[in-house]
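*Asks:* Just target_28.cif, nothing more (mmCIF, C-alpha atoms):
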```cif
data_entry
loop_
_atom_site.label_atom_id
_atom_site.label_comp_id
_atom_site.auth_asym_id
_atom_site.auth_seq_id
_atom_site.Cartn_x
_atom_site.Cartn_y
_atom_site.Cartn_z
CA MET A 272 0.00 0.00 0.00
CA LEU A 273 2.02 2.92 -1.27
CA THR A 274 5.11 0.93 -0.43
CA ARG A 275 2.18 -0.71 1.32
CA LEU A 276 2.68 1.58 4.26
CA GLY A 277 3.77 -1.75 5.70
CA VAL A 278 7.28 -0.38 5.80
CA LEU A 279 5.96 2.38 8.03
CA TYR A 280 4.17 0.28 10.60
CA LEU A 281 7.13 -0.17 12.90
CA ASN A 282 9.94 1.61 11.09
CA ASP A 283 9.86 4.35 13.73
CA ASN A 284 12.94 6.35 12.67
CA GLY A 285 11.71 6.82 9.12
CA TYR A 286 8.17 7.34 10.39
CA MET A 287 9.02 10.57 12.17
CA ASN A 288 10.93 11.95 9.19
CA ILE A 289 7.72 11.67 7.20
CA VAL A 290 5.59 13.22 9.92
CA LYS A 291 7.93 16.20 10.27
CA THR A 292 7.21 17.19 6.67
CA LEU A 293 3.53 16.35 6.78
CA CYS A 294 2.12 19.86 7.21
CA THR A 295 4.23 21.39 4.45
CA SER A 296 3.76 18.60 1.95
CA THR A 297 0.04 18.27 2.61
CA ASN A 298 -0.58 21.98 2.07
CA ARG A 299 1.37 21.79 -1.17
CA TYR A 300 -0.52 18.78 -2.45
CA LEU A 301 -3.94 20.12 -1.44
CA LYS A 302 -3.67 23.21 -3.60
CA GLY A 303 -6.17 22.85 -6.40
CA PHE A 304 -8.29 20.26 -4.59
CA ALA A 305 -11.75 21.25 -3.38
CA SER A 306 -13.08 19.63 -0.20
CA ASP A 307 -15.71 17.71 -2.18
CA ASP A 308 -13.00 16.42 -4.52
CA ILE A 309 -11.06 15.05 -1.59
CA LYS A 310 -14.19 13.47 -0.10
CA ASN A 311 -15.00 11.76 -3.39
CA PHE A 312 -11.41 10.62 -3.75
CA ILE A 313 -11.45 9.06 -0.28
CA ILE A 314 -14.77 7.34 -0.95
CA GLU A 315 -13.59 5.96 -4.29
CA ASN A 316 -10.24 4.72 -2.98
CA THR A 317 -11.10 3.18 0.39
CA GLU A 318 -13.28 0.34 1.59
CA ILE A 319 -15.78 0.35 4.46
CA VAL A 320 -14.37 -1.89 7.20
CA ARG A 321 -15.82 -3.03 10.50
CA LYS A 322 -14.52 -6.59 10.90
CA HIS A 323 -11.15 -8.04 11.88
CA ASN A 324 -10.35 -5.29 14.40
CA LEU A 325 -11.15 -4.54 18.04
CA THR A 326 -14.23 -2.37 17.39
CA PRO A 327 -16.77 -3.99 15.06
CA GLU A 328 -19.29 -1.40 16.30
CA ILE A 329 -17.47 1.30 14.32
CA HIS A 330 -17.47 1.50 10.52
CA LEU A 331 -14.41 3.11 8.93
CA ARG A 332 -13.19 3.95 5.45
CA LEU A 333 -9.73 2.36 5.26
CA PHE A 334 -7.20 0.98 2.84
CA THR A 335 -7.49 -2.76 2.25
CA PRO A 336 -5.89 -5.12 -0.30
CA ASN A 337 -8.98 -4.51 -2.45
CA CYS A 338 -8.11 -0.83 -2.84
CA ARG A 339 -6.14 0.55 -5.77
CA PHE A 340 -3.56 2.38 -3.68
CA TRP A 341 -2.74 -0.64 -1.55
CA HIS A 342 -0.65 -1.79 -4.49
CA ALA A 343 -0.05 1.39 -6.51
CA ARG A 344 3.30 3.14 -6.78
CA PRO A 345 3.74 5.80 -4.04
CA GLU A 346 4.25 8.62 -6.53
CA LEU A 347 0.70 8.12 -7.84
CA TRP A 348 -0.83 9.11 -4.50
CA PRO A 349 -1.82 12.80 -4.74
CA PHE A 350 -1.60 13.73 -1.04
CA SER A 351 0.71 13.18 1.91
CA ASP A 352 1.11 9.66 3.26
CA PRO A 353 -2.36 8.44 4.29
CA PHE A 354 -1.85 7.49 7.92
CA TRP A 355 -5.58 8.15 8.37
CA ALA A 356 -6.35 5.17 6.11
CA ILE A 357 -4.94 2.69 8.65
CA TYR A 358 -6.60 1.68 11.90
CA TRP A 359 -3.48 1.62 14.09
CA PRO A 360 -3.39 -0.82 17.02
CA GLY A 361 -3.01 1.85 19.73
CA GLY A 362 -6.09 3.64 18.44
CA GLN A 363 -7.98 0.36 18.31
CA ALA A 364 -7.22 -0.30 21.96
CA LEU A 365 -8.30 3.21 22.97
CA ALA A 366 -11.58 2.99 21.07
CA ARG A 367 -12.29 -0.49 22.47
CA TYR A 368 -11.59 0.70 26.00
CA LEU A 369 -13.95 3.66 25.65
CA LEU A 370 -16.74 1.54 24.17
CA SER A 371 -16.37 -1.04 26.94
CA ASN A 372 -16.24 1.65 29.65
CA PRO A 373 -18.65 4.39 28.52
CA GLY A 374 -18.40 6.28 31.81
CA VAL A 375 -14.81 7.24 30.98
CA SER A 376 -15.93 9.75 28.34
CA GLN A 377 -19.63 10.25 29.10
CA GLY A 378 -20.40 13.92 29.63
CA LYS A 379 -16.75 14.86 29.09
CA ARG A 380 -15.02 17.37 26.81
CA VAL A 381 -12.66 15.19 24.78
CA LEU A 382 -9.69 15.82 22.49
CA ASP A 383 -8.56 13.02 20.16
CA LEU A 384 -4.97 14.10 19.45
CA GLY A 385 -3.52 12.78 16.18
CA CYS A 386 -6.95 11.39 15.37
CA GLY A 387 -6.11 9.70 12.06
CA CYS A 388 -9.30 7.95 10.96
CA GLY A 389 -11.18 9.40 13.97
CA ALA A 390 -12.13 6.09 15.59
CA SER A 391 -11.36 7.17 19.17
CA ALA A 392 -13.28 10.41 18.71
CA ILE A 393 -16.23 8.47 17.32
CA ALA A 394 -16.09 6.02 20.23
CA ALA A 395 -16.12 8.91 22.71
CA LYS A 396 -19.15 10.43 21.01
CA PHE A 397 -20.92 7.07 20.96
CA CYS A 398 -20.43 6.94 24.72
CA GLY A 399 -22.06 10.31 25.33
CA ALA A 400 -19.14 12.74 25.47
CA SER A 401 -20.55 16.27 25.65
CA HIS A 402 -18.00 17.74 23.22
CA VAL A 403 -15.40 15.99 21.06
CA VAL A 404 -12.68 17.59 18.94
CA ALA A 405 -10.66 15.50 16.49
CA ASN A 406 -7.17 16.92 15.90
CA ASP A 407 -4.73 15.95 13.16
CA ILE A 408 -2.16 18.06 11.32
CA ASP A 409 -3.15 16.39 8.04
CA PRO A 410 -6.25 18.14 6.58
CA VAL A 411 -7.10 15.00 4.61
CA ALA A 412 -7.35 13.11 7.91
CA ALA A 413 -9.87 15.71 9.09
CA ILE A 414 -12.01 15.09 6.01
CA ALA A 415 -11.68 11.32 6.42
CA THR A 416 -12.75 11.65 10.07
CA GLN A 417 -15.85 13.60 9.10
CA LEU A 418 -16.73 10.98 6.49
CA ASN A 419 -16.34 8.28 9.12
CA CYS A 420 -18.61 10.21 11.48
CA GLU A 421 -21.33 10.28 8.83
CA LEU A 422 -20.75 6.59 8.15
CA ASN A 423 -21.55 5.90 11.80
CA GLY A 424 -24.66 8.05 11.93
CA LEU A 425 -23.00 11.00 13.68
CA ASN A 426 -22.94 14.63 12.73
CA PRO A 427 -19.41 15.55 11.62
CA LEU A 428 -17.27 16.33 14.65
CA PRO A 429 -15.23 19.54 14.88
CA CYS A 430 -11.80 18.87 13.35
CA ASP A 431 -8.73 20.94 14.18
CA THR A 432 -5.67 20.75 11.90
CA GLU A 433 -3.35 22.96 13.97
CA ASN A 434 -0.35 21.50 15.76
CA VAL A 435 -1.62 21.98 19.32
CA ILE A 436 1.34 20.33 21.06
CA GLY A 437 3.01 23.11 23.02
CA SER A 438 0.05 25.48 22.70
CA GLU A 439 -1.89 26.98 25.59
CA PRO A 440 -3.91 24.11 27.11
CA LYS A 441 -7.66 24.23 26.57
CA GLY A 442 -10.21 22.99 29.03
CA TYR A 443 -10.51 19.37 27.97
CA ASP A 444 -11.53 16.78 30.54
CA LEU A 445 -9.95 13.94 28.60
CA ILE A 446 -7.18 13.72 25.99
CA LEU A 447 -6.77 10.57 23.90
CA LEU A 448 -3.49 9.64 22.20
CA GLY A 449 -3.25 6.54 20.04
CA ASP A 450 0.10 5.49 18.50
CA MET A 451 1.66 8.90 19.11
CA PHE A 452 4.87 7.82 20.84
CA TYR A 453 6.88 6.77 17.81
CA GLU A 454 9.84 9.17 18.17
CA GLU A 455 11.74 10.38 21.22
CA ALA A 456 11.59 14.12 20.45
CA LEU A 457 7.83 13.98 19.94
CA ALA A 458 7.45 11.97 23.14
CA ASP A 459 9.41 14.66 25.01
CA SER A 460 7.16 17.41 23.62
CA LEU A 461 4.03 15.45 24.49
CA HIS A 462 5.31 14.78 28.00
CA SER A 463 5.80 18.50 28.69
CA TRP A 464 2.52 19.61 27.11
CA LEU A 465 0.42 16.93 28.77
CA ASN A 466 1.83 17.95 32.13
CA ARG A 467 0.67 21.51 31.50
CA CYS A 468 -2.81 20.30 30.51
CA ILE A 469 -3.07 18.28 33.71
CA GLN A 470 -1.78 21.07 35.94
CA THR A 471 -3.97 23.73 34.32
CA HIS A 472 -7.25 21.87 33.84
CA ARG A 473 -6.82 18.56 35.69
CA THR A 474 -7.19 16.85 32.34
CA HIS A 475 -7.18 13.06 32.27
CA VAL A 476 -4.94 11.46 29.65
CA LEU A 477 -5.28 8.02 28.09
CA ILE A 478 -2.61 6.57 25.81
CA GLY A 479 -2.97 3.60 23.47
CA ASP A 480 0.20 1.86 22.31
CA PRO A 481 1.10 -1.65 21.12
CA GLY A 482 4.57 -1.61 22.68
CA ARG A 483 6.71 0.39 20.27
CA ALA A 484 10.36 0.69 21.27
CA GLN A 485 10.30 4.50 21.52
CA PHE A 486 7.37 4.29 23.91
CA GLU A 487 8.64 1.45 26.07
CA GLY A 488 12.06 3.06 26.41
CA HIS A 489 10.91 6.60 27.19
CA SER A 490 10.92 8.04 30.71
CA ILE A 491 7.18 8.70 30.46
CA ARG A 492 6.65 4.95 30.69
CA ARG A 493 7.21 4.95 34.47
CA LEU A 494 4.42 7.54 34.88
CA LEU A 495 1.74 5.31 33.39
CA ARG A 496 -0.78 2.97 34.96
CA GLN A 497 -2.18 0.17 32.83
CA GLU A 498 -5.95 0.39 32.41
CA ALA A 499 -6.54 -2.42 29.92
CA GLN A 500 -4.81 -4.71 27.47
CA PHE A 501 -6.36 -6.24 24.37
CA GLU A 502 -5.21 -9.14 22.24
CA LEU A 503 -5.02 -8.02 18.62
CA PRO A 504 -6.98 -9.94 15.97
CA LYS A 505 -4.97 -12.09 13.59
CA ALA A 506 -5.27 -9.66 10.68
CA VAL A 507 -3.99 -6.76 12.80
CA ARG A 508 -1.08 -8.84 14.10
CA GLU A 509 -0.05 -9.70 10.56
CA GLU A 510 -0.23 -6.08 9.39
CA ASN A 511 1.91 -4.97 12.33
CA TYR A 512 4.69 -7.51 12.04
CA GLY A 513 3.60 -9.81 14.80
CA LEU A 514 2.59 -7.40 17.58
CA THR A 515 0.22 -9.45 19.69
CA CYS A 516 -1.53 -6.95 21.95
CA SER A 517 -2.23 -3.27 22.50
CA THR A 518 -2.48 -1.52 25.84
CA VAL A 519 -4.34 1.49 27.24
CA TRP A 520 -2.42 3.50 29.82
CA ARG A 521 -3.46 6.34 32.12
CA TYR A 522 -0.88 9.11 32.39
CA LEU A 523 -0.21 9.97 36.04
CA PRO A 524 2.72 12.41 36.27
CA GLU A 525 2.54 12.43 40.07
CA LEU A 526 3.73 8.80 40.18
#
```
Spit out the file's structure as structure tokens when you get a sec.

*Replies:*
Amino acid sequence: MLTRLGVLYLNDNGYMNIVKTLCTSTNRYLKGFASDDIKNFIIENTEIVRKHNLTPEIHLRLFTPNCRFWHARPELWPFSDPFWAIYWPGGQALARYLLSNPGVSQGKRVLDLGCGCGASAIAAKFCGASHVVANDIDPVAAIATQLNCELNGLNPLPCDTENVIGSEPKGYDLILLGDMFYEEALADSLHSWLNRCIQTHRTHVLIGDPGRAQFEGHSIRRLLRQEAQFELPKAVREENYGLTCSTVWRYLPEL
């Protein structure tokens, strides 16, 4: 999938190099594309998926082997790398945890940081969150998230494409981060910003991660309490080079 994106699943060093250029390259590629054009492109080049993952309750438009760009040459893809077209295992664990424990997000103001396909944001809204914002620096991800909201019978959620890490904390009750700890510098920035959010607004923070090396080896790891662990379905294990489970952690900087 565009080099199958399989190379990117756990190739963490190269992964961050791509993400660092995401804003610039996406803005360049999006020039000349209307929002409706992008929506139609996503619809025509993804498949609706709800099986073979941790949250069959949620329907998502994703890349599958049946899609053209699963096999096409990377240079044919007109936008930045489509991380939103993959349901990453950390995000799956987060969404599953929310759906299984609706009280965690019910009535809460929720930020899904690095939302990708928007599954965690959708799960929070399903569970009765009072306000949900989906954030991703890729504008195409924001459009994909809104399409996935509609696919699940929800009104499109507010989508923010600004890089909020390091910004003045807003009054969220709960911040969700799935598969965000893939590079040490980003983990450091997240660590500092999340601390400010907690100190300013007493925000709760949940992190979903399948055990990536950059996450397991970072100092933030000792400040986490395990909330749940989920065995990944066979198809997800195969796509992620044999990872067997994904864990939800609660960030507790006072530990």

*Asks:* Evaluated on this file, the PyMOL selection byres ((chain A and resi 447) around 7) picks out some residues - which ones are they, written as a PDB file with C-alpha atoms, in the frame of the given file?

*Replies:*
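As written to disk, expr_22.pdb reads:
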```
ATOM      1  CA  LEU A 382      -9.690  15.820  22.490  1.00  0.00           C
ATOM      2  CA  ASP A 383      -8.560  13.020  20.160  1.00  0.00           C
ATOM      3  CA  LEU A 384      -4.970  14.100  19.450  1.00  0.00           C
ATOM      4  CA  LEU A 445      -9.950  13.940  28.600  1.00  0.00           C
ATOM      5  CA  ILE A 446      -7.180  13.720  25.990  1.00  0.00           C
ATOM      6  CA  LEU A 448      -3.490   9.640  22.200  1.00  0.00           C
ATOM      7  CA  GLY A 449      -3.250   6.540  20.040  1.00  0.00           C
ATOM      8  CA  VAL A 476      -4.940  11.460  29.650  1.00  0.00           C
ATOM      9  CA  LEU A 477      -5.280   8.020  28.090  1.00  0.00           C
ATOM     10  CA  ILE A 478      -2.610   6.570  25.810  1.00  0.00           C
TER      11      ILE A 478
END
```

*Asks:* Hey, which of A:Leu325, A:Tyr358, A:Leu457, A:Arg332 ends up closest to Cys420 of chain A? Count all atoms listed in the file.

*Replies:*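 Closest to Cys420 of chain A of all the choices is A:Arg332.
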
*Asks:* Point out the residue among A:Glu502, A:Ile329, A:Glu525, A:Thr515 with the least atom-to-atom distance to Glu421 of chain A, counting all atoms listed in the file.

*Replies:*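 Using all atoms listed in the file, Glu421 of chain A sits closest to A:Ile329.
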
*Asks:* On this structure, which residues satisfy the PyMOL selection byres ((chain A and resi 398) around 9), written as a list in words?

*Replies:* Leu369, Leu370, Asn372, Pro373, Gly374, Val375, Ser376, Gln377, Gly378, Ile393, Ala394, Ala395, Lys396, Phe397, Gly399 and Ala400 of chain A

*Asks:* Please provide the set of residues having any atom within 9 Å of Leu523 of chain A, restricted to only C-alpha atoms, with same-chain residues fewer than 2 positions apart removed, written as a list in words.

*Replies:*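 Residues near the query, excluding close chain neighbours: His475, Val476, Leu494, Leu495, Arg496, Arg521, Glu525 and Leu526 of chain A.
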
*Asks:* Hey, can you check how far atom CA of Val519 of chain A sits from atom CA of Arg483 of chain A?

*Replies:*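 One can read the atom CA of Val519 of chain A to atom CA of Arg483 of chain A distance as 13.1 Å.
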
*Asks:* May I ask for the distance between atom CA of Tyr368 of chain A and atom CA of Leu503 of chain A, given in Å to one decimal place?

*Replies:* 13.2 Å

*Asks:* Run the PyMOL selection byres ((chain A and resi 305-316) around 8) against the file shown and list the residues it catches, as a list in words.

*Replies:*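 Evaluating the PyMOL selection byres ((chain A and resi 305-316) around 8) on these coordinates yields Gly303, Phe304, Thr317, Glu318, Arg332, Phe334, Cys338, Arg339, Phe340, Val411, Ile414, Ala415 and Leu418 of chain A.
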
*Asks:* Considering all atoms listed in the file, can you say which of A:Cys386, A:Glu455, A:Asn324, A:Ser391 comes closest to Glu509 of chain A?

*Replies:*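 Closest to Glu509 of chain A, using all atoms listed in the file: A:Asn324.
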
*Asks:* I'd like the contact shell of Arg321 of chain A - 12 Å cut-off, all atoms listed in the file, skipping same-chain residues fewer than 2 positions apart - returned as a ChimeraX atom specification.

*Replies:* /A:318-319,323-333,335,358,363,390,419,422-423

*Asks:* With only C-alpha atoms as the atoms that count, which of A:Asp444, A:Glu433, A:Glu487, A:Glu439 lies nearest to Thr474 of chain A?

*Replies:* A:Asp444

*Asks:* Any idea what the distance is between atom CA of Trp464 of chain A and atom CA of Ile436 of chain A?

*Replies:* 6.2 Å

*Asks:* Counting only C-alpha atoms, which residue out of A:Ala356, A:Arg492, A:Leu461, A:Pro481 sits closest to Tyr512 of chain A?

*Replies:* A:Pro481

*Asks:* Let me make sure I understand: among A:Val403, A:Ile408, A:Ile469, A:Ala364, which one has the smallest atom-to-atom distance to Ser351 of chain A if we use all atoms listed in the file?

*Replies:*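 So, comparing all the options, the nearest one is A:Ile408.
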
*Asks:* Which residues are near Leu428 of chain A? Cut-off 7 Å, all atoms listed in the file, ignore same chain within fewer than 4 positions. Put them as a PyMOL selection string.

*Replies:* chain A and resi 403-405+417

*Asks:* Complete the atom set of segment 408-419 of chain A to all heavy atoms and return it as an mmCIF file, keeping the file's coordinate frame.

*Replies:*
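Output file out-v2.cif is given in full below:
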```cif
data_model
loop_
_atom_site.group_PDB
_atom_site.id
_atom_site.type_symbol
_atom_site.label_atom_id
_atom_site.label_comp_id
_atom_site.auth_asym_id
_atom_site.auth_seq_id
_atom_site.Cartn_x
_atom_site.Cartn_y
_atom_site.Cartn_z
ATOM 1 N N ILE A 408 -2.795 17.032 12.133
ATOM 2 C CA ILE A 408 -2.160 18.060 11.320
ATOM 3 C C ILE A 408 -2.345 17.825 9.825
ATOM 4 O O ILE A 408 -2.021 18.699 9.028
ATOM 5 C CB ILE A 408 -0.664 18.180 11.642
ATOM 6 C CG1 ILE A 408 0.066 16.862 11.393
ATOM 7 C CG2 ILE A 408 -0.465 18.652 13.074
ATOM 8 C CD1 ILE A 408 1.574 16.966 11.548
ATOM 9 N N ASP A 409 -2.873 16.683 9.440
ATOM 10 C CA ASP A 409 -3.150 16.390 8.040
ATOM 11 C C ASP A 409 -4.607 16.758 7.736
ATOM 12 O O ASP A 409 -5.533 16.113 8.248
ATOM 13 C CB ASP A 409 -2.911 14.913 7.752
ATOM 14 C CG ASP A 409 -3.117 14.553 6.287
ATOM 15 O OD1 ASP A 409 -3.504 15.431 5.490
ATOM 16 O OD2 ASP A 409 -2.893 13.385 5.933
ATOM 17 N N PRO A 410 -4.867 17.759 6.896
ATOM 18 C CA PRO A 410 -6.250 18.140 6.580
ATOM 19 C C PRO A 410 -7.049 17.022 5.924
ATOM 20 O O PRO A 410 -8.272 16.972 6.056
ATOM 21 C CB PRO A 410 -6.078 19.327 5.618
ATOM 22 C CG PRO A 410 -4.723 19.873 5.918
ATOM 23 C CD PRO A 410 -3.878 18.685 6.281
ATOM 24 N N VAL A 411 -6.380 16.123 5.220
ATOM 25 C CA VAL A 411 -7.100 15.000 4.610
ATOM 26 C C VAL A 411 -7.626 14.072 5.696
ATOM 27 O O VAL A 411 -8.716 13.511 5.569
ATOM 28 C CB VAL A 411 -6.193 14.242 3.614
ATOM 29 C CG1 VAL A 411 -6.957 13.095 2.968
ATOM 30 C CG2 VAL A 411 -5.670 15.182 2.542
ATOM 31 N N ALA A 412 -6.873 13.910 6.780
ATOM 32 C CA ALA A 412 -7.350 13.110 7.910
ATOM 33 C C ALA A 412 -8.612 13.718 8.502
ATOM 34 O O ALA A 412 -9.525 13.000 8.920
ATOM 35 C CB ALA A 412 -6.256 12.995 8.972
ATOM 36 N N ALA A 413 -8.673 15.047 8.567
ATOM 37 C CA ALA A 413 -9.870 15.710 9.090
ATOM 38 C C ALA A 413 -11.087 15.394 8.228
ATOM 39 O O ALA A 413 -12.178 15.118 8.746
ATOM 40 C CB ALA A 413 -9.642 17.217 9.153
ATOM 41 N N ILE A 414 -10.896 15.415 6.921
ATOM 42 C CA ILE A 414 -12.010 15.090 6.010
ATOM 43 C C ILE A 414 -12.394 13.622 6.145
ATOM 44 O O ILE A 414 -13.585 13.275 6.180
ATOM 45 C CB ILE A 414 -11.624 15.441 4.565
ATOM 46 C CG1 ILE A 414 -11.455 16.967 4.427
ATOM 47 C CG2 ILE A 414 -12.674 14.933 3.582
ATOM 48 C CD1 ILE A 414 -10.901 17.409 3.090
ATOM 49 N N ALA A 415 -11.396 12.746 6.244
ATOM 50 C CA ALA A 415 -11.680 11.320 6.420
ATOM 51 C C ALA A 415 -12.439 11.077 7.726
ATOM 52 O O ALA A 415 -13.375 10.266 7.770
ATOM 53 C CB ALA A 415 -10.375 10.527 6.411
ATOM 54 N N THR A 416 -12.065 11.790 8.786
ATOM 55 C CA THR A 416 -12.750 11.650 10.070
ATOM 56 C C THR A 416 -14.210 12.066 9.948
ATOM 57 O O THR A 416 -15.115 11.392 10.475
ATOM 58 C CB THR A 416 -12.042 12.496 11.141
ATOM 59 O OG1 THR A 416 -10.754 11.932 11.408
ATOM 60 C CG2 THR A 416 -12.842 12.536 12.435
ATOM 61 N N GLN A 417 -14.466 13.160 9.269
ATOM 62 C CA GLN A 417 -15.850 13.600 9.100
ATOM 63 C C GLN A 417 -16.664 12.611 8.281
ATOM 64 O O GLN A 417 -17.829 12.353 8.586
ATOM 65 C CB GLN A 417 -15.866 14.994 8.474
ATOM 66 C CG GLN A 417 -15.313 16.057 9.425
ATOM 67 C CD GLN A 417 -15.344 17.458 8.850
ATOM 68 O OE1 GLN A 417 -15.307 17.642 7.643
ATOM 69 N NE2 GLN A 417 -15.406 18.448 9.716
ATOM 70 N N LEU A 418 -16.050 12.023 7.253
ATOM 71 C CA LEU A 418 -16.730 10.980 6.490
ATOM 72 C C LEU A 418 -17.046 9.775 7.364
ATOM 73 O O LEU A 418 -18.134 9.186 7.271
ATOM 74 C CB LEU A 418 -15.874 10.551 5.299
ATOM 75 C CG LEU A 418 -15.825 11.494 4.100
ATOM 76 C CD1 LEU A 418 -14.774 11.023 3.090
ATOM 77 C CD2 LEU A 418 -17.185 11.597 3.424
ATOM 78 N N ASN A 419 -16.112 9.414 8.232
ATOM 79 C CA ASN A 419 -16.340 8.280 9.120
ATOM 80 C C ASN A 419 -17.411 8.580 10.156
ATOM 81 O O ASN A 419 -18.165 7.686 10.558
ATOM 82 C CB ASN A 419 -15.031 7.865 9.793
ATOM 83 C CG ASN A 419 -14.091 7.152 8.841
ATOM 84 O OD1 ASN A 419 -14.524 6.483 7.906
ATOM 85 N ND2 ASN A 419 -12.802 7.293 9.057
#
```
